[in-house]
$ cat work.cif   # mmCIF, C-alpha atoms
data_upload
#
loop_
_atom_site.label_atom_id
_atom_site.label_comp_id
_atom_site.auth_asym_id
_atom_site.auth_seq_id
_atom_site.Cartn_x
_atom_site.Cartn_y
_atom_site.Cartn_z
CA MET J 1 45.01 -31.47 1.64
CA VAL J 2 42.30 -28.95 0.94
CA THR J 3 38.80 -30.44 0.99
CA LEU J 4 36.18 -29.54 -1.59
CA LEU J 5 34.19 -27.83 1.12
CA GLU J 6 37.15 -25.65 2.10
CA LEU J 7 37.73 -24.81 -1.54
CA ALA J 8 34.09 -23.82 -1.99
CA ARG J 9 34.07 -21.78 1.21
CA GLU J 10 37.22 -19.97 0.22
CA ALA J 11 35.88 -19.09 -3.23
CA ALA J 12 32.48 -17.92 -1.98
CA SER J 13 33.88 -15.98 0.94
CA GLU J 14 35.82 -13.70 -1.41
CA VAL J 15 32.63 -12.36 -3.02
CA VAL J 16 31.89 -8.78 -1.97
CA ASP J 17 28.67 -6.82 -1.59
CA PRO J 18 28.18 -4.83 -4.83
CA GLU J 19 26.92 -1.79 -2.91
CA LEU J 20 29.36 -1.97 0.03
CA PRO J 21 32.37 -3.48 -1.76
CA MET J 22 34.61 -3.21 1.32
CA LEU J 23 32.54 -6.04 2.83
CA THR J 24 32.52 -9.68 1.81
CA LEU J 25 29.24 -11.56 2.02
CA VAL J 26 30.74 -13.29 5.07
CA ASP J 27 31.44 -9.94 6.77
CA LEU J 28 27.86 -8.94 6.01
CA GLY J 29 26.41 -12.18 7.33
CA VAL J 30 24.52 -12.77 4.08
CA LEU J 31 26.31 -16.02 3.22
CA ARG J 32 24.60 -18.33 5.68
CA ASP J 33 25.85 -21.74 4.63
CA ILE J 34 27.81 -23.73 2.06
CA THR J 35 27.60 -27.46 1.52
CA VAL J 36 29.16 -29.82 -1.00
CA ALA J 37 27.19 -32.99 -1.72
CA PRO J 38 28.97 -36.29 -2.51
CA ASP J 39 27.94 -35.85 -6.17
CA GLY J 40 29.79 -32.51 -6.30
CA LEU J 41 26.78 -30.18 -6.13
CA VAL J 42 27.65 -27.02 -4.20
CA THR J 43 24.79 -25.31 -2.41
CA ALA J 44 25.27 -21.78 -1.11
CA SER J 45 22.55 -20.21 1.03
CA LEU J 46 22.10 -16.45 0.97
CA ALA J 47 19.88 -14.43 3.31
CA PRO J 48 18.53 -11.27 1.62
CA THR J 49 19.17 -8.08 3.60
CA TYR J 50 15.97 -6.20 2.66
CA SER J 51 13.11 -7.90 0.77
CA GLY J 52 13.66 -5.59 -2.20
CA CYS J 53 17.45 -5.31 -2.16
CA PRO J 54 18.42 -5.21 -5.85
CA ALA J 55 21.98 -6.25 -4.96
CA LEU J 56 20.78 -9.76 -4.12
CA THR J 57 20.48 -10.65 -7.81
CA GLU J 58 24.08 -9.62 -8.36
CA MET J 59 25.28 -11.37 -5.19
CA ARG J 60 23.72 -14.60 -6.40
CA ALA J 61 25.39 -14.24 -9.78
CA ASP J 62 28.75 -13.38 -8.21
CA VAL J 63 28.71 -16.35 -5.81
CA ASP J 64 27.70 -18.60 -8.68
CA ALA J 65 30.54 -17.28 -10.84
CA ALA J 66 33.09 -17.56 -8.00
CA LEU J 67 32.18 -21.19 -7.34
CA ARG J 68 32.24 -22.08 -11.02
CA GLY J 69 35.57 -20.27 -11.30
CA ALA J 70 36.90 -22.52 -8.51
CA GLY J 71 36.05 -25.55 -10.63
CA PHE J 72 32.59 -26.53 -9.40
CA ALA J 73 30.39 -27.43 -12.34
CA ARG J 74 27.11 -27.72 -10.45
CA VAL J 75 26.11 -24.82 -8.24
CA ASP J 76 22.82 -24.00 -6.56
CA ILE J 77 22.30 -20.65 -4.85
CA ARG J 78 19.44 -20.80 -2.39
CA THR J 79 17.49 -18.09 -0.63
CA VAL J 80 16.96 -18.28 3.12
CA LEU J 81 14.23 -16.14 4.68
CA ASP J 82 14.02 -17.71 8.11
CA PRO J 83 15.43 -16.45 10.37
CA PRO J 84 15.48 -13.05 8.65
CA TRP J 85 18.81 -11.32 8.15
CA SER J 86 19.65 -8.72 10.75
CA THR J 87 22.42 -6.13 10.99
CA ASP J 88 23.47 -7.99 14.14
CA GLU J 89 24.93 -10.58 11.73
CA ILE J 90 27.55 -8.12 10.44
CA THR J 91 30.81 -9.48 11.88
CA PRO J 92 33.17 -7.42 14.09
CA GLU J 93 35.60 -7.44 11.15
CA GLY J 94 32.83 -6.13 8.87
CA ARG J 95 32.03 -3.35 11.32
CA ALA J 96 35.69 -2.31 11.46
CA LYS J 97 35.85 -2.23 7.64
CA LEU J 98 32.71 -0.08 7.43
CA ALA J 99 34.11 2.42 9.92
CA ALA J 100 37.46 2.49 8.12
CA HIS J 101 35.59 3.46 4.94
CA GLY J 102 33.67 6.30 6.58
CA ILE J 103 30.40 4.44 7.14
CA ALA J 104 29.25 4.16 10.75
CA PRO J 105 28.34 0.57 11.66
CA PRO J 106 24.87 -0.19 13.03
CA GLY J 107 24.05 -0.38 16.71
CA PRO J 108 22.20 -3.40 18.11
CA ALA J 109 19.03 -4.22 16.15
CA PRO J 110 15.78 -3.42 17.98
CA ARG J 111 14.66 -6.28 20.21
CA ARG J 112 10.94 -6.66 19.75
CA ALA J 113 8.80 -8.63 22.11
CA PRO J 114 6.86 -11.16 20.06
CA GLY J 115 3.16 -10.41 20.21
CA ALA J 116 3.59 -6.78 21.21
CA PRO J 117 2.97 -3.88 18.80
CA VAL J 118 6.08 -2.22 17.35
CA PRO J 119 6.44 1.03 19.33
CA LEU J 120 5.93 4.22 17.34
CA THR J 121 8.94 6.53 17.04
CA LEU J 122 7.89 10.12 16.41
CA THR J 123 11.31 11.76 16.68
CA PRO J 124 14.57 11.07 14.83
CA THR J 125 16.65 8.23 16.26
CA ARG J 126 18.38 9.45 19.40
CA HIS J 127 20.93 6.74 20.10
CA VAL J 128 24.63 7.65 20.05
CA VAL J 129 26.39 7.12 16.72
CA HIS J 130 30.07 8.01 16.60
CA CYS J 131 31.36 10.02 13.63
CA PRO J 132 33.50 7.69 11.50
CA GLN J 133 35.74 10.65 10.58
CA CYS J 134 36.59 12.26 13.93
CA GLY J 135 35.08 9.83 16.44
CA SER J 136 32.84 12.42 18.09
CA PRO J 137 29.60 11.08 19.61
CA ASP J 138 27.92 14.42 18.80
CA THR J 139 26.14 13.43 15.58
CA GLU J 140 22.56 13.77 14.33
CA GLU J 141 20.33 11.97 11.84
CA THR J 142 19.47 14.01 8.76
CA SER J 143 17.51 11.33 6.89
CA ARG J 144 16.66 7.77 7.77
CA PHE J 145 16.98 6.71 4.14
CA SER J 146 19.93 7.35 1.82
CA ALA J 147 21.39 5.88 -1.36
CA THR J 148 20.18 2.44 -0.33
CA ALA J 149 17.44 1.28 2.04
CA CYS J 150 20.04 -0.09 4.46
CA ARG J 151 21.76 3.22 5.16
CA ALA J 152 20.76 6.44 6.96
CA LEU J 153 22.28 9.88 6.46
CA ARG J 154 23.85 11.62 9.44
CA ARG J 155 26.03 14.63 10.13
CA CYS J 156 28.71 15.26 12.72
CA ARG J 157 28.21 18.38 14.81
CA ALA J 158 31.90 18.41 15.80
CA CYS J 159 33.73 18.14 12.46
CA ARG J 160 30.67 19.06 10.32
CA GLU J 161 31.20 16.10 7.98
CA PRO J 162 28.13 14.33 6.64
CA PHE J 163 28.32 10.54 6.73
CA GLU J 164 26.28 7.41 6.25
CA GLN J 165 25.34 4.80 8.83
CA VAL J 166 24.17 1.27 8.24
CA LYS J 167 20.89 1.42 10.08
CA GLU J 168 19.70 -1.23 12.46
CA LEU J 169 17.46 -3.92 11.02
CA MET Q 170 35.71 -0.36 -9.51
CA SER Q 171 35.81 3.42 -9.23
CA ASP Q 172 32.65 5.41 -9.84
CA ASP Q 173 34.17 7.02 -12.93
CA HIS Q 174 34.17 3.69 -14.66
CA LEU Q 175 30.74 2.60 -13.56
CA TYR Q 176 28.86 3.62 -16.69
CA LEU Q 177 31.60 2.38 -18.98
CA SER Q 178 31.59 -1.00 -17.30
CA LEU Q 179 27.81 -1.21 -17.51
CA ALA Q 180 28.00 -0.53 -21.23
CA GLU Q 181 30.40 -3.42 -21.79
CA ALA Q 182 29.03 -6.42 -23.57
CA SER Q 183 27.69 -8.68 -20.84
CA PRO Q 184 28.60 -12.34 -20.70
CA GLU Q 185 25.81 -14.88 -20.90
CA GLY Q 186 23.78 -15.03 -17.74
CA ASP Q 187 25.02 -11.73 -16.32
CA ALA Q 188 22.43 -10.71 -13.75
CA ARG Q 189 23.57 -7.12 -13.41
CA TRP Q 190 20.51 -5.60 -15.01
CA ALA Q 191 17.82 -4.91 -12.49
CA PHE Q 192 14.92 -4.73 -14.94
CA GLY Q 193 12.92 -6.94 -17.23
CA THR Q 194 11.27 -10.26 -16.55
CA GLY Q 195 12.46 -13.77 -15.81
CA PHE Q 196 14.40 -13.10 -12.63
CA GLU Q 197 15.45 -16.02 -10.50
CA ASP Q 198 12.49 -17.14 -8.39
CA PRO Q 199 12.80 -15.11 -5.17
CA LEU Q 200 11.77 -18.20 -3.19
CA HIS Q 201 14.32 -20.49 -4.86
CA GLY Q 202 15.65 -23.11 -2.48
CA ILE Q 203 13.02 -22.48 0.18
CA ASP Q 204 10.84 -25.41 1.18
CA THR Q 205 7.60 -24.36 -0.50
CA ALA Q 206 5.51 -27.46 0.29
CA LEU Q 207 2.11 -26.51 1.67
CA PRO Q 208 1.75 -27.74 5.25
CA PRO Q 209 -1.31 -29.84 6.06
CA GLY Q 210 -4.16 -27.78 7.42
CA VAL Q 211 -3.40 -24.76 5.23
CA ASP Q 212 -6.13 -24.15 2.67
CA PRO Q 213 -4.34 -23.45 -0.64
CA GLY Q 214 -7.16 -21.28 -1.97
CA GLU Q 215 -7.22 -19.05 1.10
CA LEU Q 216 -3.43 -18.79 1.20
CA ALA Q 217 -3.30 -17.84 -2.50
CA GLU Q 218 -5.98 -15.21 -1.98
CA ARG Q 219 -4.24 -13.67 1.04
CA CYS Q 220 -0.82 -13.59 -0.62
CA LEU Q 221 -2.27 -12.19 -3.83
CA ALA Q 222 -4.07 -9.37 -1.99
CA LEU Q 223 -0.99 -8.39 0.04
CA GLY Q 224 1.27 -8.75 -3.01
CA ASP Q 225 -0.99 -6.59 -5.17
CA ASP Q 226 -1.13 -3.91 -2.46
CA ALA Q 227 2.65 -3.78 -2.38
CA LEU Q 228 3.08 -3.83 -6.16
CA VAL Q 229 0.62 -1.01 -6.80
CA ALA Q 230 1.85 1.09 -3.85
CA ALA Q 231 5.46 0.64 -5.04
CA GLN Q 232 4.53 1.87 -8.51
CA ARG Q 233 2.86 5.00 -7.09
CA LEU Q 234 5.84 5.70 -4.82
CA ALA Q 235 8.21 5.36 -7.78
CA GLU Q 236 6.25 8.12 -9.51
CA TRP Q 237 7.69 10.53 -6.91
CA CYS Q 238 11.15 10.13 -8.48
CA THR Q 239 12.24 13.57 -9.78
CA ARG Q 240 9.08 15.11 -8.25
CA ALA Q 241 9.56 14.94 -4.47
CA PRO Q 242 10.01 18.19 -2.51
CA GLU Q 243 13.64 17.43 -1.66
CA LEU Q 244 16.30 14.94 -2.66
CA GLU Q 245 16.39 13.09 0.66
CA GLU Q 246 12.64 12.61 0.52
CA GLU Q 247 12.74 11.37 -3.03
CA VAL Q 248 15.30 8.78 -2.01
CA ALA Q 249 13.26 7.81 1.05
CA LEU Q 250 10.06 7.28 -0.97
CA ALA Q 251 11.93 5.31 -3.62
CA ASN Q 252 13.50 3.10 -0.95
CA ILE Q 253 10.14 2.47 0.69
CA GLY Q 254 8.74 1.57 -2.73
CA LEU Q 255 11.65 -0.80 -3.31
CA ASP Q 256 11.01 -2.60 -0.01
CA LEU Q 257 7.38 -3.01 -1.06
CA LEU Q 258 8.37 -4.26 -4.50
CA GLY Q 259 10.53 -6.91 -2.83
CA GLN Q 260 7.62 -7.93 -0.62
CA ALA Q 261 5.38 -8.05 -3.71
CA ARG Q 262 7.75 -10.44 -5.50
CA LEU Q 263 7.86 -12.83 -2.54
CA LEU Q 264 4.09 -12.69 -1.99
CA LEU Q 265 3.12 -13.07 -5.65
CA SER Q 266 5.50 -16.02 -5.98
CA ARG Q 267 3.90 -17.63 -2.93
CA ALA Q 268 0.41 -16.86 -4.28
CA GLY Q 269 1.30 -18.60 -7.55
CA GLN Q 270 2.61 -21.68 -5.71
CA ALA Q 271 -0.50 -21.92 -3.52
CA GLU Q 272 -2.74 -21.45 -6.55
CA GLY Q 273 -0.97 -24.32 -8.28
CA ALA Q 274 -1.84 -23.23 -11.83
CA GLY Q 275 1.74 -22.59 -12.91
CA ARG Q 276 1.60 -18.81 -12.64
CA GLY Q 277 4.76 -17.17 -11.34
CA GLU Q 278 5.44 -13.60 -10.23
CA ASP Q 279 5.73 -12.30 -13.81
CA ALA Q 280 2.42 -13.83 -14.92
CA LEU Q 281 0.67 -12.34 -11.91
CA ALA Q 282 2.27 -8.90 -12.08
CA TYR Q 283 2.29 -8.33 -15.82
CA PHE Q 284 -0.45 -10.41 -17.38
CA ARG Q 285 -3.58 -9.73 -15.36
CA GLY Q 286 -6.12 -7.02 -16.09
CA PRO Q 287 -7.36 -4.42 -13.56
CA GLN Q 288 -10.45 -6.46 -12.56
CA GLU Q 289 -8.17 -9.34 -11.57
CA PHE Q 290 -6.12 -7.20 -9.19
CA ARG Q 291 -7.02 -7.49 -5.50
CA ASN Q 292 -5.22 -4.46 -4.07
CA VAL Q 293 -7.06 -2.05 -1.79
CA ARG Q 294 -8.15 1.11 -3.59
CA LEU Q 295 -6.07 3.31 -1.29
CA THR Q 296 -2.89 2.16 -3.04
CA GLU Q 297 -4.06 3.07 -6.55
CA LEU Q 298 -5.16 6.66 -5.85
CA PRO Q 299 -3.14 9.27 -7.74
CA ASN Q 300 -0.26 10.76 -5.76
CA GLY Q 301 -1.73 14.24 -5.32
CA ASP Q 302 0.36 16.60 -3.21
CA PHE Q 303 3.00 15.58 -0.68
CA ALA Q 304 0.55 15.69 2.23
CA GLU Q 305 -1.66 13.16 0.42
CA CYS Q 306 1.34 10.92 -0.15
CA ILE Q 307 2.15 11.04 3.57
CA ALA Q 308 -1.47 10.54 4.65
CA ARG Q 309 -1.78 7.52 2.37
CA LEU Q 310 1.54 6.07 3.48
CA LEU Q 311 0.57 6.59 7.13
CA LEU Q 312 -2.67 4.63 6.80
CA PHE Q 313 -1.19 1.98 4.56
CA SER Q 314 1.97 1.27 6.52
CA THR Q 315 0.27 1.48 9.94
CA TRP Q 316 -2.23 -1.16 8.82
CA ARG Q 317 0.32 -3.27 6.95
CA LEU Q 318 2.74 -3.34 9.89
CA ALA Q 319 -0.03 -4.51 12.26
CA ALA Q 320 -1.29 -7.06 9.71
CA PHE Q 321 2.20 -8.45 9.03
CA ARG Q 322 2.88 -8.74 12.74
CA ALA Q 323 -0.23 -10.88 13.06
CA LEU Q 324 0.85 -12.94 10.02
CA THR Q 325 4.15 -13.88 11.66
CA ALA Q 326 2.07 -16.58 13.42
CA HIS Q 327 0.48 -17.82 10.16
CA PRO Q 328 0.58 -21.64 9.78
CA ASP Q 329 2.22 -21.32 6.34
CA PRO Q 330 5.95 -21.04 7.15
CA VAL Q 331 6.70 -19.13 3.92
CA LEU Q 332 4.07 -16.43 4.50
CA SER Q 333 5.14 -16.29 8.14
CA ALA Q 334 8.80 -15.76 7.11
CA ILE Q 335 7.86 -13.08 4.54
CA ALA Q 336 5.84 -11.30 7.23
CA THR Q 337 8.60 -11.53 9.84
CA LYS Q 338 11.05 -9.99 7.39
CA GLY Q 339 8.53 -7.33 6.37
CA VAL Q 340 7.80 -6.16 9.92
CA SER Q 341 11.26 -4.60 10.35
CA GLU Q 342 10.96 -2.81 7.00
CA LEU Q 343 7.41 -1.60 7.59
CA ALA Q 344 8.36 -0.21 11.00
CA TYR Q 345 10.69 2.21 9.17
CA HIS Q 346 7.97 3.09 6.64
CA ARG Q 347 5.33 3.78 9.27
CA ASP Q 348 7.63 5.86 11.44
CA HIS Q 349 8.75 7.87 8.41
CA ALA Q 350 5.14 8.69 7.50
CA ALA Q 351 4.25 9.37 11.14
CA GLN Q 352 7.16 11.78 11.61
CA TRP Q 353 6.19 13.67 8.47
CA ALA Q 354 2.56 13.79 9.56
CA VAL Q 355 3.63 15.40 12.83
CA ARG Q 356 5.93 17.84 11.02
CA LEU Q 357 3.15 18.87 8.60
CA GLY Q 358 0.32 18.94 11.11
CA ASP Q 359 2.31 20.78 13.75
CA GLY Q 360 4.04 22.97 11.13
CA THR Q 361 2.72 26.03 9.32
CA GLU Q 362 -0.91 26.96 8.79
CA THR Q 363 -0.65 25.80 5.18
CA SER Q 364 0.95 22.44 5.98
CA HIS Q 365 -1.59 21.85 8.74
CA LEU Q 366 -4.53 22.54 6.43
CA ARG Q 367 -3.08 20.43 3.63
CA LEU Q 368 -2.56 17.48 5.95
CA ARG Q 369 -6.14 17.73 7.20
CA ARG Q 370 -7.44 17.89 3.65
CA ALA Q 371 -5.30 14.88 2.74
CA LEU Q 372 -6.52 12.86 5.73
CA ASP Q 373 -10.13 13.62 4.76
CA GLU Q 374 -9.32 12.24 1.29
CA VAL Q 375 -7.80 8.96 2.44
CA TRP Q 376 -9.83 8.21 5.58
CA PRO Q 377 -12.87 6.82 3.68
CA TYR Q 378 -10.60 3.94 2.52
CA LEU Q 379 -9.59 2.90 6.04
CA ASP Q 380 -12.48 0.44 6.48
CA GLU Q 381 -11.38 -1.42 3.36
CA LEU Q 382 -7.94 -1.97 4.91
CA LEU Q 383 -9.39 -3.25 8.16
CA ALA Q 384 -12.21 -5.37 6.70
CA ALA Q 385 -10.35 -8.69 6.89
CA GLU Q 386 -8.63 -8.00 10.22
CA GLY Q 387 -9.38 -9.23 13.70
CA PRO Q 388 -9.98 -6.98 16.72
CA ALA Q 389 -6.30 -6.89 17.79
CA VAL Q 390 -5.06 -5.51 14.47
CA ARG Q 391 -7.95 -3.04 14.31
CA ALA Q 392 -7.23 -1.78 17.82
CA GLU Q 393 -3.51 -1.42 17.08
CA VAL Q 394 -4.17 0.55 13.88
CA GLU Q 395 -6.74 2.83 15.46
CA GLN Q 396 -4.60 3.49 18.51
CA THR Q 397 -1.47 4.22 16.46
CA LEU Q 398 -3.31 6.59 14.13
CA ARG Q 399 -4.85 8.41 17.07
CA GLN Q 400 -1.41 8.78 18.67
CA VAL Q 401 0.09 10.23 15.48
CA LEU Q 402 -2.79 12.62 14.85
CA ASP Q 403 -2.70 13.83 18.45
CA ALA Q 404 1.00 14.62 18.11
CA ALA Q 405 0.26 16.32 14.77
CA THR Q 406 -2.46 18.47 16.47
CA VAL Q 407 -4.98 17.21 13.92
CA PRO Q 408 -8.44 15.88 14.85
CA LEU Q 409 -9.58 12.45 13.66
CA PRO Q 410 -11.39 12.94 10.33
CA GLU Q 411 -15.15 12.47 10.48
CA VAL Q 412 -15.92 11.24 7.00
CA PRO Q 413 -18.05 8.25 5.96
CA ALA Q 414 -16.42 5.06 4.69
CA LEU Q 415 -16.60 4.43 0.95
CA PRO Q 416 -18.59 1.35 -0.06
CA GLY Q 417 -16.98 -1.25 -2.33
CA SER Q 418 -13.62 -3.02 -2.14
CA GLY Q 419 -10.60 -3.56 -4.29
CA ARG Q 420 -10.36 -6.98 -2.66
CA ALA Q 421 -13.42 -7.91 -4.73
CA GLY Q 422 -11.91 -6.47 -7.91
CA GLU Q 423 -13.83 -3.19 -7.65
CA HIS Q 424 -11.37 -0.46 -8.49
CA THR Q 425 -11.25 3.25 -9.16
CA PRO Q 426 -10.57 4.40 -12.74
CA HIS Q 427 -6.99 5.16 -11.63
CA LEU Q 428 -5.80 1.54 -11.56
CA ALA Q 429 -6.02 0.79 -15.29
CA PRO Q 430 -3.62 3.56 -16.44
CA LEU Q 431 -1.18 2.65 -13.64
CA LEU Q 432 -1.14 -0.97 -14.80
CA ASP Q 433 -0.85 0.09 -18.46
CA GLU Q 434 2.44 1.74 -17.62
CA LEU Q 435 3.64 -0.98 -15.23
CA GLN Q 436 2.91 -3.76 -17.73
CA SER Q 437 3.76 -2.03 -21.02
CA VAL Q 438 7.30 -3.35 -21.45
CA ALA Q 439 6.54 -6.94 -20.49
CA ARG Q 440 3.49 -6.98 -22.77
CA ALA Q 441 5.27 -5.37 -25.72
CA ASP Q 442 7.28 -8.55 -26.18
CA PRO Q 443 6.18 -11.34 -23.84
CA GLU Q 444 8.81 -13.70 -25.23
CA ALA Q 445 11.73 -11.36 -24.61
CA THR Q 446 14.55 -12.49 -22.36
CA TRP Q 447 16.74 -9.96 -20.56
#
$ encode --input "work.cif" --output "structure tokens"
Amino acid sequence: MVTLLELAREAASEVVDPELPMLTLVDLGVLRDITVAPDGLVTASLAPTYSGCPALTEMRADVDAALRGAGFARVDIRTVLDPPWSTDEITPEGRAKLAAHGIAPPGPAPRRAPGAPVPLTLTPTRHVVHCPQCGSPDTEETSRFSATACRALRRCRACREPFEQVKEL
Amino acid sequence: MSDDHLYLSLAEASPEGDARWAFGTGFEDPLHGIDTALPPGVDPGELAERCLALGDDALVAAQRLAEWCTRAPELEEEVALANIGLDLLGQARLLLSRAGQAEGAGRGEDALAYFRGPQEFRNVRLTELPNGDFAECIARLLLFSTWRLAAFRALTAHPDPVLSAIATKGVSELAYHRDHAAQWAVRLGDGTETSHLRLRRALDEVWPYLDELLAAEGPAVRAEVEQTLRQVLDAATVPLPEVPALPGSGRAGEHTPHLAPLLDELQSVARADPEATW
């Protein structure tokens, strides 16, 4: 028998990111938690990616609609700020889907020592990012911001293709 | 959905409660579901004042950055400035919501953003200055984001867990903003004769506002800001400006004449029909 919690999880985990529709909110790590109270109230907790991400409004609405579509009459979509979302929460499956769609997945998010100033970076990011088209490690950053705050623009020096990368946060 | 159908689908009649439109008023409270109780020992008045000041800075700076849309020197830069503005707008929403809760007078983010006059805004004057040329934009962003990053880092230890969480989230975003401005400062300063001179002129314009940014900060934040700026200017082969600080402070509601027209535009739609729902 399927429990209400399983039903709610299944419905919510099908919702995709409106800006990266190859990823579900589970792949992205944005859907932090789902609970079903004895009185039937479903609570879904979402962690915003960036403070100003306009997709969050749509994600909330989509999760709400998915849960209502699964038969839940009372739904509460909560915001979680602590701990902040990080690209480290993108699942291995999510990373594979990004790469399959031509978007390089992020490397490990910067580890910052609490209490120490954030080091200044005066040159473009130097870490190795593999081209999602040809796999070459010989790629360069062309702009740290692209169509959305979460992605950087890069170009492959081997196959000459431009591509996007989800940048580390 | 393929891109070809994007505009058609947007034009479709929207069902009740469709949250697709990213404009207007009456958005879901950005702090919905977060425990917003004030912990004992936190002075609500001080918390409201701090959140309001930082929220106003972000709101006004975001509006100025948005003015670069269709005017930036290249497409990538336009997108970068718009994205930085969007991050700040998100921070503004969280901070103004928290300010309203701490104030306890029933004002939410919309009331604070759209229905206050210029004298009631508490942003630093640096954020309201007109955009000027690209070097001025970069000089302003360099000072603003260097200070804001250091200030947010200090706020991660604030006793209010909501402000602390907003600051923790903001640090990662502001690190990108500061480095973007710093890299451009180096490129301009260490670039051509023209770009070098323009950057120096721009730094002379914005430097008198630096004291206002640092006024409320402790020695650690001040030292971090001063050291970072010196490091960037050294790499940009530009000397530290020697210009006197400007008296007065936006934190006390003293603003330049540039704030009122900015707010007129920012608030015009919400004020045209305050009862409208979107």
$ resolve_selection --input "work.cif" --expression "the PyMOL selection byres ((chain Q) within 6 of (chain J))" --output "PyMOL selection string"
chain Q and resi 188-189+201-202+249+252+255-256+258-260+334+338+348+352
$ atom_distance --input "work.cif" --atom1 "CA of Val390 in chain Q" --atom2 "CA of Ala320 in chain Q"
6.3 Å
$ atom_distance --input "work.cif" --atom1 "CA of Ala274 in chain Q" --atom2 "CA of Ala336 in chain Q"
23.8 Å
$ atom_distance --input "work.cif" --atom1 "CA of Met22 in chain J" --atom2 "CA of Glu141 in chain J"
23.3 Å
$ axis_aligned_box --input "work.cif" --around "range 407-417 of chain Q" --padding-each-side "4 Å" --output "AutoDock Vina command-line options"
--center_x -11.8 --center_y 8.0 --center_z 6.3 --size_x 21.6 --size_y 26.5 --size_z 25.2
$ decode --input "work.cif" --residues "range 74-88 of chain J" --atoms "N, CA and C atoms" --output "PDB file, in the first residue's frame"
ATOM      1  N   ARG J  74      -4.808  20.386   1.345  1.00  0.00           N
ATOM      2  CA  ARG J  74      -4.135  21.421   2.137  1.00  0.00           C
ATOM      3  C   ARG J  74      -2.633  21.294   1.967  1.00  0.00           C
ATOM      4  N   VAL J  75      -2.049  22.335   1.394  1.00  0.00           N
ATOM      5  CA  VAL J  75      -0.630  22.307   1.050  1.00  0.00           C
ATOM      6  C   VAL J  75       0.029  23.578   1.569  1.00  0.00           C
ATOM      7  N   ASP J  76       1.189  23.424   2.172  1.00  0.00           N
ATOM      8  CA  ASP J  76       1.953  24.592   2.612  1.00  0.00           C
ATOM      9  C   ASP J  76       3.378  24.467   2.059  1.00  0.00           C
ATOM     10  N   ILE J  77       3.792  25.480   1.312  1.00  0.00           N
ATOM     11  CA  ILE J  77       5.151  25.457   0.751  1.00  0.00           C
ATOM     12  C   ILE J  77       6.002  26.426   1.565  1.00  0.00           C
ATOM     13  N   ARG J  78       6.988  25.879   2.232  1.00  0.00           N
ATOM     14  CA  ARG J  78       7.810  26.704   3.126  1.00  0.00           C
ATOM     15  C   ARG J  78       9.176  26.996   2.524  1.00  0.00           C
ATOM     16  N   THR J  79       9.715  28.132   2.934  1.00  0.00           N
ATOM     17  CA  THR J  79      11.068  28.506   2.526  1.00  0.00           C
ATOM     18  C   THR J  79      12.051  28.096   3.622  1.00  0.00           C
ATOM     19  N   VAL J  80      13.188  27.576   3.215  1.00  0.00           N
ATOM     20  CA  VAL J  80      14.252  27.248   4.166  1.00  0.00           C
ATOM     21  C   VAL J  80      15.494  28.027   3.756  1.00  0.00           C
ATOM     22  N   LEU J  81      16.034  28.826   4.673  1.00  0.00           N
ATOM     23  CA  LEU J  81      17.253  29.591   4.349  1.00  0.00           C
ATOM     24  C   LEU J  81      18.495  28.984   4.991  1.00  0.00           C
ATOM     25  N   ASP J  82      18.281  28.194   6.035  1.00  0.00           N
ATOM     26  CA  ASP J  82      19.408  27.724   6.830  1.00  0.00           C
ATOM     27  C   ASP J  82      19.388  26.213   6.934  1.00  0.00           C
ATOM     28  N   PRO J  83      20.386  25.484   6.490  1.00  0.00           N
ATOM     29  CA  PRO J  83      21.594  26.006   5.847  1.00  0.00           C
ATOM     30  C   PRO J  83      21.310  26.442   4.415  1.00  0.00           C
ATOM     31  N   PRO J  84      22.064  27.416   3.897  1.00  0.00           N
ATOM     32  CA  PRO J  84      21.802  27.905   2.546  1.00  0.00           C
ATOM     33  C   PRO J  84      22.026  26.820   1.492  1.00  0.00           C
ATOM     34  N   TRP J  85      21.269  26.903   0.415  1.00  0.00           N
ATOM     35  CA  TRP J  85      21.459  25.962  -0.688  1.00  0.00           C
ATOM     36  C   TRP J  85      22.859  26.128  -1.259  1.00  0.00           C
ATOM     37  N   SER J  86      23.412  25.011  -1.695  1.00  0.00           N
ATOM     38  CA  SER J  86      24.727  25.047  -2.342  1.00  0.00           C
ATOM     39  C   SER J  86      24.672  24.138  -3.567  1.00  0.00           C
ATOM     40  N   THR J  87      25.504  24.423  -4.555  1.00  0.00           N
ATOM     41  CA  THR J  87      25.546  23.553  -5.739  1.00  0.00           C
ATOM     42  C   THR J  87      26.023  22.144  -5.377  1.00  0.00           C
ATOM     43  N   ASP J  88      26.643  21.999  -4.204  1.00  0.00           N
ATOM     44  CA  ASP J  88      27.036  20.653  -3.754  1.00  0.00           C
ATOM     45  C   ASP J  88      25.812  19.763  -3.549  1.00  0.00           C
TER      46      ASP J  88
END
